[in-house]
Structures are given as C-alpha cells and as structure tokens.
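A.B. asks: Encoded as structure tokens, here's the structure I'll be asking about.
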Amino acid sequence: GAIVEHTFIVGQMNMTHLCKEMLVTVVNGQLPGPVIEVTEGDTVVVHVVNKSPYNITIHWHGVKQQLNCWADGVPMITQCPIGPNNNFTYTFNVTGQEGTLWWHAHVAYLRGTLHGAIIIRPRHGVSSYPFPEPHREIPIVLGEWWQMDLQKASMDIKYSTADDDPSAATINGKLGDLYNCSGVKEDGFVLDVEAGKTYLLRIINAALFYEYYIRIAGHKFTVVAADANYVSPLTTDLLAVAPGQTLDALVVANAAPGRYYMVASPNQPPKPDFQHPTFTTRGIVQYTNENHSNGGSSGPGAEGPLSRNLSVVAPEMPDEHDTMTSYYFHGKLTALHPSRSLPVPARVDEHLLIALGLGSVCKRGQSCNRGESEETFTLATMNNISFELPAATAAGPLLEAHYYNTGSLDMLRELPDRPPRMYNFTDPSLIPSGPREASLEATSKATIVRRFRHGTVVEVVFQSTAMWQSDSNPMHLHGHDMFVLAQGLGNYNAATDVAKYNLVDPPVRNTVLVPRLGWVAVRFVANNPGAWFVHCHFSFHLSMGMAAVFVVEDGPTVNTSLPPPPADFLTCYRKNNPVAD
Ligand code: C2O
C-alpha cells in the first residue's frame, strides 16, 4: 500500500454562530477537520502539532491497530498526552477494513470540535465495492455547536454533575436554516445532485450527546456498511446513528427535480425522565441542471437555475421521544455474506455481564455517613465501579506499565464477571428522581481492567439500567470489532435470550447501541495484544466513569505479540513533553 501523510495543527480559532463568537479548538482551522482518504492496505502517517493550551491525543475510531496499540491515542491508557507546543506522529495501517471511520481527540469534551472522517476505499484490482459504483461520495459529519468552553464543561460534569446542552445540531459544521442570528438564517449544508445519479453518503455521528435520525424528503437510503463493515443492503427512508457509529448509505436522485431537506433530529428517552431541550438541523439536497454540474463541489456557484425560488420539501421526522424506531432500525442490520469477518466463533471462553449504571461516592472518601447524601458525587459505572484514568503524573500510560511489566499503577482493579448485586435492572420504578438521589448505590473509583489471554473468545452482555434518565448507551470497544448477536428489552436472561442470537450473519461493529432499559449481546475475539479502552460514547457517561480497559496478553509468537513502543514515544511530565495541568 501507499503512505498517506497528514499534518494536523491543533489550535484555537474564533467562530461565530447564533450571534456569538466562540473560541473553539480545531485541526487546521477546519470544523469538521480534514478528511483522511486512503485505500485498504495503506499506511497513514499523521504529524500532530499541538498549538492549543490543552493536552491532546487523537484516537482513530474503529481502526483496529493490529499489533499497534501504541498508536490508539487514549491518554494515560496507550500514551502520555501531547502537551502544549509539543508534537507526536501517529503511524498506522488500514488493513482488512473498508468503509467509513473517523478520528477524534480523546481528551474530555474536546472531541466535540476536534474530529473528522476517515474514508477507506477498496484496493483496486483486489476488490471493489459490493454495490454499484456511486457517482460521488460525500462525508456527512453530524455534530453539535456548543456555546461554552468544552474543556471546562467536561470538568464541570466530572466534578459537579452540571448538565449542559449544546446550542445546535450541525451537519458538516453548519447549523442550517432552523437557526438564526437576529433574523438572518444560519448557513446549511447543501448537496447538489444530478437526476438519476447515485450518491454514497458516509455518515458519522461525531456528536457528544445524541443519537440522530436522518431522513431526506422524497428519497430512500440503501445502507451498505456500518462501522466500516459491509452489511446486506437495507433499503429504508430513515437512518438511526448513535454517537461513535458510522453508516454508509446510497441515495439515488430519483425524485422530481427540486429541493429537499435532509434533516437530522436527535432522540431522547420518553418524558418525563428526560426533558433536555432538543434541536434539529437540516441541510438541502438540490437537483442541479445537468450541464451545469461538474460533479465536484457543492454550495454557491454549483447551483442550477431551478433551485433558488423553489420551496423546499420537508420530511416528517420521528417524535423526539421515540426511541423504539431506533431499536428496530438497529435490529434490522445483518452482515453482508460472504463477509471477511464471519464466521462467528461458536465456542465462548469467557462470559461477562456488564451493568451500565450510576452510583454515588462521598466527596470525602469512599462512603458517606447517613444523611450526607448531598455530599456525594454521582458517577457512572460498570458493574458498580467507576473508571478513573491513571493520573497524568504516573510514570507512563497503562500500556507501557503492562508492556514492561512494571505494575506501577496503584488504582487498578479487575472488572468482575457480573454486577456485585443482581436485581431488576430495568424496572422504571427504580429510577431515582435526580442525580443526587440518596438511593443510588454506593460505588468506588478505580482504573478498571480486565485481562484476556490472547485468542480468548469473549461474550459480553451490556445491560442498560434504569438509572437516572434511563439512557441508552453506545458502547465502543477499541482495537476489535464485535459481532452484534442480539438485543432485547428488559433484563437479559441467558436461559431464554441465547435462543435469539444471530450466529449466522450478525452485523459487525465497533460501537453498539445498548437500548434504554434493555441489553445487547456481543462476541469478539481478543486477538490484538494491548490495552484497549471500552466505554460509552456519550461524553457525559464517559466523563462520569462508564469505561474500562480490556488488556489482551501477547500470543505465543512474534506475530501475535505487541512490538516495543516507537522510538519517539512521549514520556509524561519530562523535559520533552511539558504536559499542562
Ligand atoms: Cu470514539 Cu474511545 O472513542
């Protein structure tokens, strides 16, 4: 394969939306950031130059990083963060993966503006798309516009359960005409199409907080891939994409020439558990006159004569509290046969049941006395332990301690096979009324680790619980894709639910949406040595501790063992990397 090289300058710039200028942290002055376009088998080299005041790492979301955990970009798990005015070069291969992935900062909420697409095309002569070649391919990055300091917001939520909301949803950084500044409408995303042609939308949910529904008035989608794994073509007029997930969908411009809204609207749990303001964004799909279009850019200048004065057709969107439509959408995806990731391993070596919950910890220590509930923090948990990153003052990241077997991290604790207490996880009557409710279970903080011998077939059932807002949980595993065997509502019950498993053609994903008050069963082969973060991709759940590290041991040979760190690997708090506080 070829070598594809980028330089990412991380810096701050002013941007104005909704009449307010904000200082935002971005790559190369772009929001969304640069697109990395490669062919399967290529090597990607990204030089990150940190001109921001923050510690930064960049994670390549969904890239498997086989035998290359050092480049996974998780602060204090796989590397020391890149301090202000410092540089780091990431080198990785994209082998055995095709489709859409993305990159983002893996530091607090900064990924809200530090993100971009990764597009991996089939290698010519070796393979090509398992669907008709599209006329054009368009990245569609869903995001949010925040009128707040994202670095500060993430600290607030970690330490005081402040709950903040974005001000607008965005498509490719644009807010769209539902938003205005003193009556002047915000710019929206515009996609120019030619009648009869086929377009491949490469959709990424880079938002911090919401799953989105997407619809284009008058048009259907054919979903062909999810998380850079092909799926059997699914024709639908509505998509659902959770934070961290990607979908590749074909759209044929086969409607009457005109202008059509492309709408992205979030969904949230039913009332009255969750009453955040919601927001929708819309762009426009517009037919251009054939002679005029050169198939290149969108936006002004590429407009055909029919567009300006035509009214725009709007689609009907699901209710903002409709989470069942998402549940059914996710349940309809199956892997394309034959797939390079099938068959599903039939034998399971280790079973885990991971309850995704909330707990409380006393501000003064690990347990509060009676009547001191107002003195607690609310934390998100896995099996009632809340994840705490190793301190940035540690000698190095967890991966380094594991590799050199120095065991210098003191907060480590093993993730248990199942929750310490089995109860009815999904009975809505157990939903505490607020985040400081005394009825939350007492929890504790630790750097949660689970070790697997190389080659272990792991089955994980993620169980959402009736915590707080009864959220769904988009669970993301680094370094491995997961077979998504089944989902269900209520409490997982092995005796009956195993019969629901799809062991023939389950979809293969790196981020799986665990439905609210329900569960998902996944299986993966722990065959990539290293330390891999597994966490909820809702940023506030992650900041509050819904995370763990899966450590995969070396295999028996050099080809199954993690090589040493690269020569220029950063150290923490030393002269070559003055990390910010
Ligand atoms: Cu997309 Cu650990 O993240």
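In the structure tokens, the first chain shown is A, the next is B, and so on; residue numbers restart at 1 for each chain, and ligands run from 1 in the order shown.
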Give me the residues within 10 Å of Tyr212 in chain A as a count of residues only, counting only C-alpha atoms and dropping any in the same chain fewer than 2 places off.
C.D. replies: 23
A.B. asks: Sorted by chain and rising residue number, list the residues of range 177-280 of chain A at most 10 Å from range 83-97 of chain A (counting only C-alpha atoms), each with its closest atom pair and distance in Å to one decimal, as JSON lines.
C.D. replies:
```
{"residue": "A:Asp227", "atom": "CA", "partner": "A:Gln97", "partner_atom": "CA", "distance": 9.4}
{"residue": "A:Ala228", "atom": "CA", "partner": "A:Gln97", "partner_atom": "CA", "distance": 6.2}
{"residue": "A:Asn229", "atom": "CA", "partner": "A:Gln97", "partner_atom": "CA", "distance": 7.1}
{"residue": "A:Tyr230", "atom": "CA", "partner": "A:Gln97", "partner_atom": "CA", "distance": 9.6}
```
A.B. asks: Pick out the residues no farther than 8 Å from ligand 1, counting only C-alpha atoms and all ligand atoms, and list them as a list in words.
C.D. replies: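 If we count only C-alpha atoms and all ligand atoms, the neighbours of ligand 1 turn out to be His59, Trp60, His61, Gly62, Val74, Trp102, Trp103, His104, His106, Gly244, His476, Leu477, His478, Phe533, Val534, His535 and His537 of chain A.
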A.B. asks: With N, CA and C atoms kept, could you save the residues just selected as a short mmCIF file (atom, residue, chain, number, x, y, z; two decimals), in the first residue's frame?
C.D. replies:
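Output (selection.cif):
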```cif
data_model
loop_
_atom_site.label_atom_id
_atom_site.label_comp_id
_atom_site.auth_asym_id
_atom_site.auth_seq_id
_atom_site.Cartn_x
_atom_site.Cartn_y
_atom_site.Cartn_z
N HIS A 59 -7.48 9.86 18.61
CA HIS A 59 -7.86 8.45 18.51
C HIS A 59 -8.44 8.20 17.11
N TRP A 60 -8.12 7.06 16.53
CA TRP A 60 -8.54 6.70 15.18
C TRP A 60 -9.66 5.70 15.36
N HIS A 61 -10.87 6.23 15.49
CA HIS A 61 -12.03 5.48 15.96
C HIS A 61 -12.42 4.36 14.98
N GLY A 62 -12.25 3.12 15.42
CA GLY A 62 -12.62 1.99 14.59
C GLY A 62 -11.45 1.37 13.85
N VAL A 74 -5.25 7.01 23.35
CA VAL A 74 -6.04 7.25 24.55
C VAL A 74 -5.10 7.73 25.66
N TRP A 102 -13.57 7.31 11.61
CA TRP A 102 -13.32 8.73 11.89
C TRP A 102 -12.24 8.87 12.92
N TRP A 103 -11.76 10.09 13.06
CA TRP A 103 -10.76 10.37 14.09
C TRP A 103 -11.32 11.45 15.01
N HIS A 104 -10.89 11.42 16.26
CA HIS A 104 -11.30 12.50 17.17
C HIS A 104 -10.32 12.60 18.32
N HIS A 106 -9.24 12.43 22.03
CA HIS A 106 -9.78 11.56 23.09
C HIS A 106 -9.55 12.21 24.44
N GLY A 244 -20.55 7.83 17.83
CA GLY A 244 -19.45 6.91 17.58
C GLY A 244 -19.68 6.03 16.37
N HIS A 476 -18.50 1.46 22.91
CA HIS A 476 -17.44 1.39 21.90
C HIS A 476 -16.26 0.59 22.45
N LEU A 477 -15.79 -0.36 21.65
CA LEU A 477 -14.60 -1.14 22.01
C LEU A 477 -13.46 -0.76 21.06
N HIS A 478 -12.33 -0.41 21.62
CA HIS A 478 -11.16 -0.09 20.80
C HIS A 478 -10.45 -1.39 20.35
N PHE A 533 -9.41 0.55 25.41
CA PHE A 533 -10.48 1.22 26.13
C PHE A 533 -11.82 0.66 25.64
N VAL A 534 -12.75 0.49 26.56
CA VAL A 534 -14.12 0.13 26.20
C VAL A 534 -15.00 1.08 27.02
N HIS A 535 -15.88 1.81 26.32
CA HIS A 535 -16.58 2.88 27.06
C HIS A 535 -17.83 3.32 26.33
N HIS A 537 -19.98 6.02 24.46
CA HIS A 537 -19.60 7.14 23.61
C HIS A 537 -20.47 8.38 23.83
#
```
A.B. asks: Write out as a ChimeraX atom specification each polymer residue whose atoms come within 8 Å of range 518-523 of chain A, counting only C-alpha atoms; drop sequence neighbours fewer than 5 positions from it.
C.D. replies: /A:344,426,457-465,482-492,512-513
A.B. asks: Would you write out those residues with N, CA and C atoms, as a tab-separated table (two decimals), in the first residue's frame?
C.D. replies:
```
chain	number	residue	atom	x	y	z
A	344	VAL	N	-18.90	-16.44	12.94
A	344	VAL	CA	-18.88	-16.12	14.36
A	344	VAL	C	-18.27	-17.31	15.11
A	426	THR	N	-34.05	-3.00	35.14
A	426	THR	CA	-34.78	-2.15	34.19
A	426	THR	C	-36.19	-1.79	34.65
A	457	VAL	N	-12.16	-16.04	23.23
A	457	VAL	CA	-13.44	-15.60	22.66
A	457	VAL	C	-14.29	-15.08	23.82
A	458	VAL	N	-14.61	-13.80	23.74
A	458	VAL	CA	-15.30	-13.14	24.85
A	458	VAL	C	-16.72	-12.81	24.42
A	459	GLU	N	-17.67	-13.16	25.28
A	459	GLU	CA	-19.04	-12.71	25.04
A	459	GLU	C	-19.40	-11.72	26.14
A	460	VAL	N	-19.84	-10.55	25.70
A	460	VAL	CA	-20.22	-9.52	26.67
A	460	VAL	C	-21.70	-9.21	26.47
A	461	VAL	N	-22.45	-9.25	27.55
A	461	VAL	CA	-23.80	-8.70	27.52
A	461	VAL	C	-23.74	-7.36	28.23
A	462	PHE	N	-24.02	-6.30	27.47
A	462	PHE	CA	-24.12	-4.98	28.07
A	462	PHE	C	-25.57	-4.78	28.48
A	463	GLN	N	-25.77	-4.45	29.73
A	463	GLN	CA	-27.13	-4.28	30.25
A	463	GLN	C	-27.33	-2.82	30.66
A	464	SER	N	-28.23	-2.13	29.97
A	464	SER	CA	-28.60	-0.78	30.42
A	464	SER	C	-29.45	-0.92	31.67
A	465	THR	N	-29.44	0.09	32.51
A	465	THR	CA	-30.19	0.03	33.75
A	465	THR	C	-31.09	1.26	33.88
A	482	MET	N	-16.92	-6.08	17.02
A	482	MET	CA	-17.75	-7.01	17.79
A	482	MET	C	-18.86	-7.57	16.90
A	483	PHE	N	-19.13	-8.86	17.02
A	483	PHE	CA	-20.33	-9.43	16.41
A	483	PHE	C	-21.51	-9.04	17.29
A	484	VAL	N	-22.51	-8.41	16.71
A	484	VAL	CA	-23.67	-7.98	17.50
A	484	VAL	C	-24.74	-9.07	17.37
A	485	LEU	N	-24.82	-9.93	18.38
A	485	LEU	CA	-25.61	-11.16	18.26
A	485	LEU	C	-27.10	-10.93	18.46
A	486	ALA	N	-27.45	-10.07	19.39
A	486	ALA	CA	-28.87	-9.84	19.67
A	486	ALA	C	-29.01	-8.64	20.58
A	487	GLN	N	-30.20	-8.07	20.55
A	487	GLN	CA	-30.57	-7.04	21.51
A	487	GLN	C	-31.94	-7.40	22.07
A	488	GLY	N	-32.26	-6.82	23.21
A	488	GLY	CA	-33.58	-7.07	23.78
A	488	GLY	C	-33.94	-5.99	24.76
A	489	LEU	N	-35.20	-5.96	25.13
A	489	LEU	CA	-35.66	-5.01	26.14
A	489	LEU	C	-35.80	-5.75	27.47
A	490	GLY	N	-35.66	-5.03	28.56
A	490	GLY	CA	-35.76	-5.64	29.88
A	490	GLY	C	-34.43	-6.21	30.32
A	491	ASN	N	-34.49	-7.12	31.28
A	491	ASN	CA	-33.28	-7.72	31.83
A	491	ASN	C	-32.86	-8.92	31.00
A	492	TYR	N	-31.56	-8.99	30.70
A	492	TYR	CA	-31.04	-10.14	29.97
A	492	TYR	C	-31.26	-11.41	30.79
A	512	VAL	N	-21.80	-0.24	19.62
A	512	VAL	CA	-23.09	-0.89	19.61
A	512	VAL	C	-24.03	-0.13	20.54
A	513	LEU	N	-25.23	0.15	20.07
A	513	LEU	CA	-26.16	0.90	20.91
A	513	LEU	C	-26.92	-0.06	21.82
```
A.B. asks: If you run DSSP on the backbone here, which positions in range 164-300 of chain A get strand (DSSP E or B)? Please write them as number ranges by chain.
C.D. replies: A: 168-171, 174, 180-181, 184-185, 190-193, 198-205, 211-216, 221-226, 229-236, 239-241, 246-252, 259-267, 281-287
A.B. asks: Counting only C-alpha atoms, give me one row per residue of range 213-246 of chain A with an atom at most 12 Å from an atom of range 253-256 of chain A, showing the shortest contact pair and its distance in Å to one decimal, sorted by chain then residue number, as a Markdown table.
C.D. replies:
```
| residue | atom | partner | partner_atom | distance |
| --- | --- | --- | --- | --- |
| A:Ile216 | CA | A:Ala253 | CA | 10.8 |
| A:Ala217 | CA | A:Ala255 | CA | 9.4 |
| A:Gly218 | CA | A:Ala255 | CA | 6.3 |
| A:His219 | CA | A:Ala255 | CA | 6.8 |
| A:Lys220 | CA | A:Ala253 | CA | 9.2 |
| A:Phe221 | CA | A:Ala253 | CA | 10.4 |
```
A.B. asks: Could you please take those selected residues and save N, CA and C atoms as a PDB file, in the first residue's frame?
C.D. replies:
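again-v1.pdb was written with the following content:
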```pdb
ATOM      1  N   ILE A 216     -34.204  12.181   4.257  1.00  0.00           N
ATOM      2  CA  ILE A 216     -34.217  13.158   3.156  1.00  0.00           C
ATOM      3  C   ILE A 216     -35.602  13.078   2.535  1.00  0.00           C
ATOM      4  N   ALA A 217     -36.314  14.185   2.530  1.00  0.00           N
ATOM      5  CA  ALA A 217     -37.665  14.181   1.975  1.00  0.00           C
ATOM      6  C   ALA A 217     -37.647  13.592   0.562  1.00  0.00           C
ATOM      7  N   GLY A 218     -38.600  12.706   0.276  1.00  0.00           N
ATOM      8  CA  GLY A 218     -38.766  12.197  -1.088  1.00  0.00           C
ATOM      9  C   GLY A 218     -37.735  11.176  -1.540  1.00  0.00           C
ATOM     10  N   HIS A 219     -36.833  10.758  -0.666  1.00  0.00           N
ATOM     11  CA  HIS A 219     -35.752   9.842  -1.066  1.00  0.00           C
ATOM     12  C   HIS A 219     -35.624   8.684  -0.089  1.00  0.00           C
ATOM     13  N   LYS A 220     -35.055   7.608  -0.610  1.00  0.00           N
ATOM     14  CA  LYS A 220     -34.753   6.451   0.232  1.00  0.00           C
ATOM     15  C   LYS A 220     -33.243   6.267   0.313  1.00  0.00           C
ATOM     16  N   PHE A 221     -32.830   5.599   1.368  1.00  0.00           N
ATOM     17  CA  PHE A 221     -31.433   5.215   1.529  1.00  0.00           C
ATOM     18  C   PHE A 221     -31.308   3.713   1.313  1.00  0.00           C
TER      19      PHE A 221
END
```
